[in-house]
>>> print(open('query_33.txt').read())   # compact mmCIF, C-alpha atoms
# COMPACT_ATOMS: atom_id res chain seq x y z
CA MET X 298 0.00 0.00 0.00
CA GLY X 299 1.36 3.39 -1.00
CA LYS X 300 1.77 6.32 1.30
CA PRO X 301 -0.68 9.14 0.48
CA HIS X 302 0.61 12.45 -0.81
CA PHE X 303 0.40 15.20 1.84
CA SER X 304 -2.41 16.82 -0.19
CA PHE X 305 -4.56 13.75 0.55
CA TRP X 306 -4.75 14.74 4.22
CA ILE X 307 -5.54 18.36 3.39
CA ILE X 308 -8.29 17.46 0.89
CA ALA X 309 -9.88 14.82 3.14
CA GLY X 310 -9.68 17.17 6.16
CA LEU X 311 -11.20 20.12 4.31
CA GLY X 312 -13.89 17.81 2.92
CA LEU X 313 -14.71 16.74 6.46
CA VAL X 314 -14.94 20.36 7.65
CA TRP X 315 -17.19 21.21 4.66
CA ASN X 316 -19.53 18.31 5.39
CA LEU X 317 -19.58 18.98 9.13
CA MET X 318 -20.73 22.52 8.34
CA GLY X 319 -23.47 20.92 6.22
CA CYS X 320 -24.40 18.65 9.15
CA LEU X 321 -24.66 21.70 11.41
CA ASN X 322 -26.83 23.42 8.81
CA PHE X 323 -29.08 20.34 8.62
CA ILE X 324 -29.38 20.08 12.42
CA THR X 325 -30.16 23.80 12.65
CA GLN X 326 -32.92 23.45 10.05
CA MET X 327 -34.45 20.58 12.06
CA ASN X 328 -34.69 22.80 15.16
CA ALA X 329 -37.99 24.72 15.19
CA ASP X 330 -36.62 27.39 17.55
CA ALA X 331 -33.61 28.02 15.30
CA VAL X 332 -35.80 28.17 12.19
CA ALA X 333 -38.08 30.68 13.92
CA GLN X 334 -35.09 33.03 14.26
CA MET X 335 -34.33 32.89 10.51
CA PRO X 336 -35.61 35.40 7.96
CA GLU X 337 -39.17 34.70 6.83
CA LEU X 338 -38.09 33.59 3.35
CA TYR X 339 -35.82 30.87 4.82
CA GLN X 340 -38.63 29.75 7.11
CA LEU X 341 -40.98 29.40 4.14
CA ILE X 342 -38.41 27.48 2.09
CA ILE X 343 -37.69 25.05 4.93
CA ALA X 344 -41.39 24.56 5.73
CA ALA X 345 -42.26 23.90 2.07
CA ARG X 346 -39.44 21.43 1.44
CA PRO X 347 -40.80 17.92 0.85
CA PHE X 348 -39.77 15.11 3.18
CA TRP X 349 -37.79 13.30 0.47
CA ALA X 350 -35.70 16.43 -0.15
CA THR X 351 -34.98 16.82 3.56
CA LEU X 352 -33.99 13.16 3.69
CA ALA X 353 -31.69 13.60 0.68
CA PHE X 354 -30.11 16.67 2.32
CA GLY X 355 -29.37 14.64 5.46
CA PHE X 356 -27.93 11.74 3.47
CA ALA X 357 -25.78 14.15 1.45
CA VAL X 358 -24.13 15.91 4.39
CA PHE X 359 -23.91 13.05 6.89
CA GLY X 360 -22.83 10.64 4.15
CA GLY X 361 -20.19 13.14 3.06
CA ALA X 362 -18.89 13.50 6.61
CA VAL X 363 -18.72 9.73 7.10
CA GLY X 364 -17.05 9.36 3.70
CA CYS X 365 -14.38 11.91 4.62
CA ILE X 366 -13.76 10.23 7.98
CA LEU X 367 -13.33 6.95 6.09
CA LEU X 368 -10.90 8.69 3.74
CA LEU X 369 -8.89 9.94 6.71
CA LEU X 370 -8.87 6.37 8.02
CA ARG X 371 -7.73 5.30 4.52
CA ARG X 372 -10.63 2.90 4.04
CA ARG X 373 -11.67 1.86 0.53
CA VAL X 374 -15.35 1.89 1.57
CA ALA X 375 -15.06 5.71 1.46
CA VAL X 376 -15.56 5.51 -2.33
CA PRO X 377 -19.12 4.06 -2.32
CA VAL X 378 -20.08 6.17 0.71
CA LEU X 379 -18.99 9.35 -1.10
CA ALA X 380 -20.81 8.13 -4.24
CA PHE X 381 -23.99 7.74 -2.18
CA SER X 382 -23.47 11.23 -0.74
CA LEU X 383 -23.00 12.63 -4.25
CA VAL X 384 -26.25 11.04 -5.48
CA ALA X 385 -28.08 12.52 -2.46
CA THR X 386 -26.46 15.90 -3.23
CA VAL X 387 -27.72 15.72 -6.83
CA VAL X 388 -31.26 15.05 -5.57
CA THR X 389 -30.99 17.95 -3.12
CA VAL X 390 -29.63 20.29 -5.80
CA ILE X 391 -32.41 19.38 -8.25
CA GLN X 392 -35.06 20.14 -5.63
CA THR X 393 -33.35 23.39 -4.60
CA ILE X 394 -33.03 24.59 -8.20
CA SER X 395 -36.69 23.77 -8.86
CA VAL X 396 -37.68 26.06 -5.97
CA LEU X 397 -35.06 28.81 -5.93
CA GLY X 398 -33.27 28.60 -9.25
CA MET X 399 -29.53 28.25 -9.61
CA ALA X 400 -27.51 29.72 -6.76
CA PRO X 401 -23.73 29.73 -6.39
CA SER X 402 -23.92 27.80 -3.11
CA THR X 403 -25.99 25.09 -4.80
CA LEU X 404 -23.44 24.69 -7.56
CA LEU X 405 -20.60 24.71 -5.01
CA ALA X 406 -22.19 21.87 -3.02
CA LEU X 407 -22.45 19.79 -6.18
CA LEU X 408 -18.87 20.53 -7.20
CA VAL X 409 -17.45 19.70 -3.76
CA GLY X 410 -19.39 16.43 -3.58
CA ALA X 411 -18.23 15.43 -7.06
CA ALA X 412 -14.62 16.42 -6.33
CA LEU X 413 -14.52 14.40 -3.10
CA PHE X 414 -15.90 11.32 -4.85
CA TRP X 415 -13.45 11.75 -7.75
CA TYR X 416 -10.51 12.21 -5.38
CA ALA X 417 -11.51 9.11 -3.40
CA THR X 418 -11.46 7.06 -6.61
CA ILE X 419 -7.97 8.40 -7.37
CA ALA X 420 -6.80 7.53 -3.85
CA ALA X 421 -8.18 4.01 -4.25
CA ARG X 422 -6.46 3.54 -7.63
CA LYS X 423 -3.14 4.75 -6.20
CA GLY X 424 -3.39 2.19 -3.41
CA TRP X 425 -3.74 4.75 -0.61
CA LEU X 426 -6.92 3.09 0.69
CA ARG X 427 -7.20 -0.39 2.17
>>> encode(input="query_33.txt", output="structure tokens")
Amino acid sequence: MGKPHFSFWIIAGLGLVWNLMGCLNFITQMNADAVAQMPELYQLIIAARPFWATLAFGFAVFGGAVGCILLLLRRRVAVPVLAFSLVATVVTVIQTISVLGMAPSTLLALLVGAALFWYATIAARKGWLR
């Protein structure tokens, strides 16, 4: 098994931070008191979001966090976990675009999810994951 390039640790660590921020966002949106403190537009968007979209959002961010932890542990199972997270991100992005239109943050979430999955496949091919 090869030793990962130092950038591996940086990318996996930043991916974990990104997804943990998403987890915090998800948890905040599940808290009625926190939602009540948000601007009215955000409250309406959260209240109108269908259950399946909320579920996909949770799978995207928690799956991404678990996938990045698995990357940091150099586990090959990180690849399918990050693939699952990416699929959930695509579902979330489609729903968000259908309601709000394209936003830079929506595109960024999709790009980060795709980049993490792509990088995990590279790490697996290079023998950095066991």
>>> closest_residue(input="query_33.txt", among="X:Ile394, X:Met399, X:Val376, X:Val314", to="Tyr416 of chain X", atoms="only C-alpha atoms")
X:Val376
>>> residues_near_point(input="query_33.txt", point="(-10.9, 4.6, -7.9)", cutoff="12 Å", atoms="all atoms listed in the file", output="VMD selection string")
chain X and resid 373 to 377 379 to 380 413 to 427
>>> residues_around(input="query_33.txt", residues="Tyr339 of chain X", least_positions_apart="5", cutoff="12 Å", atoms="only C-alpha atoms", output="ChimeraX atom specification")
/X:325-326,331-334,344-346,396-397
>>> atom_distance(input="query_33.txt", atom1="atom CA of Gly319 of chain X", atom2="atom CA of Leu370 of chain X")
20.7 Å
>>> atom_distance(input="query_33.txt", atom1="atom CA of Trp315 of chain X", atom2="atom CA of Val363 of chain X")
11.8 Å
>>> atom_distance(input="query_33.txt", atom1="atom CA of Val358 of chain X", atom2="atom CA of Ile324 of chain X")
10.5 Å
>>> closest_residue(input="query_33.txt", among="X:Gln392, X:Pro347, X:Ala400, X:Gly410", to="Val378 of chain X", atoms="all atoms listed in the file")
X:Gly410
>>> closest_residue(input="query_33.txt", among="X:Val409, X:Asn316, X:Leu352, X:Ile343", to="Ala329 of chain X", atoms="all atoms listed in the file")
X:Ile343
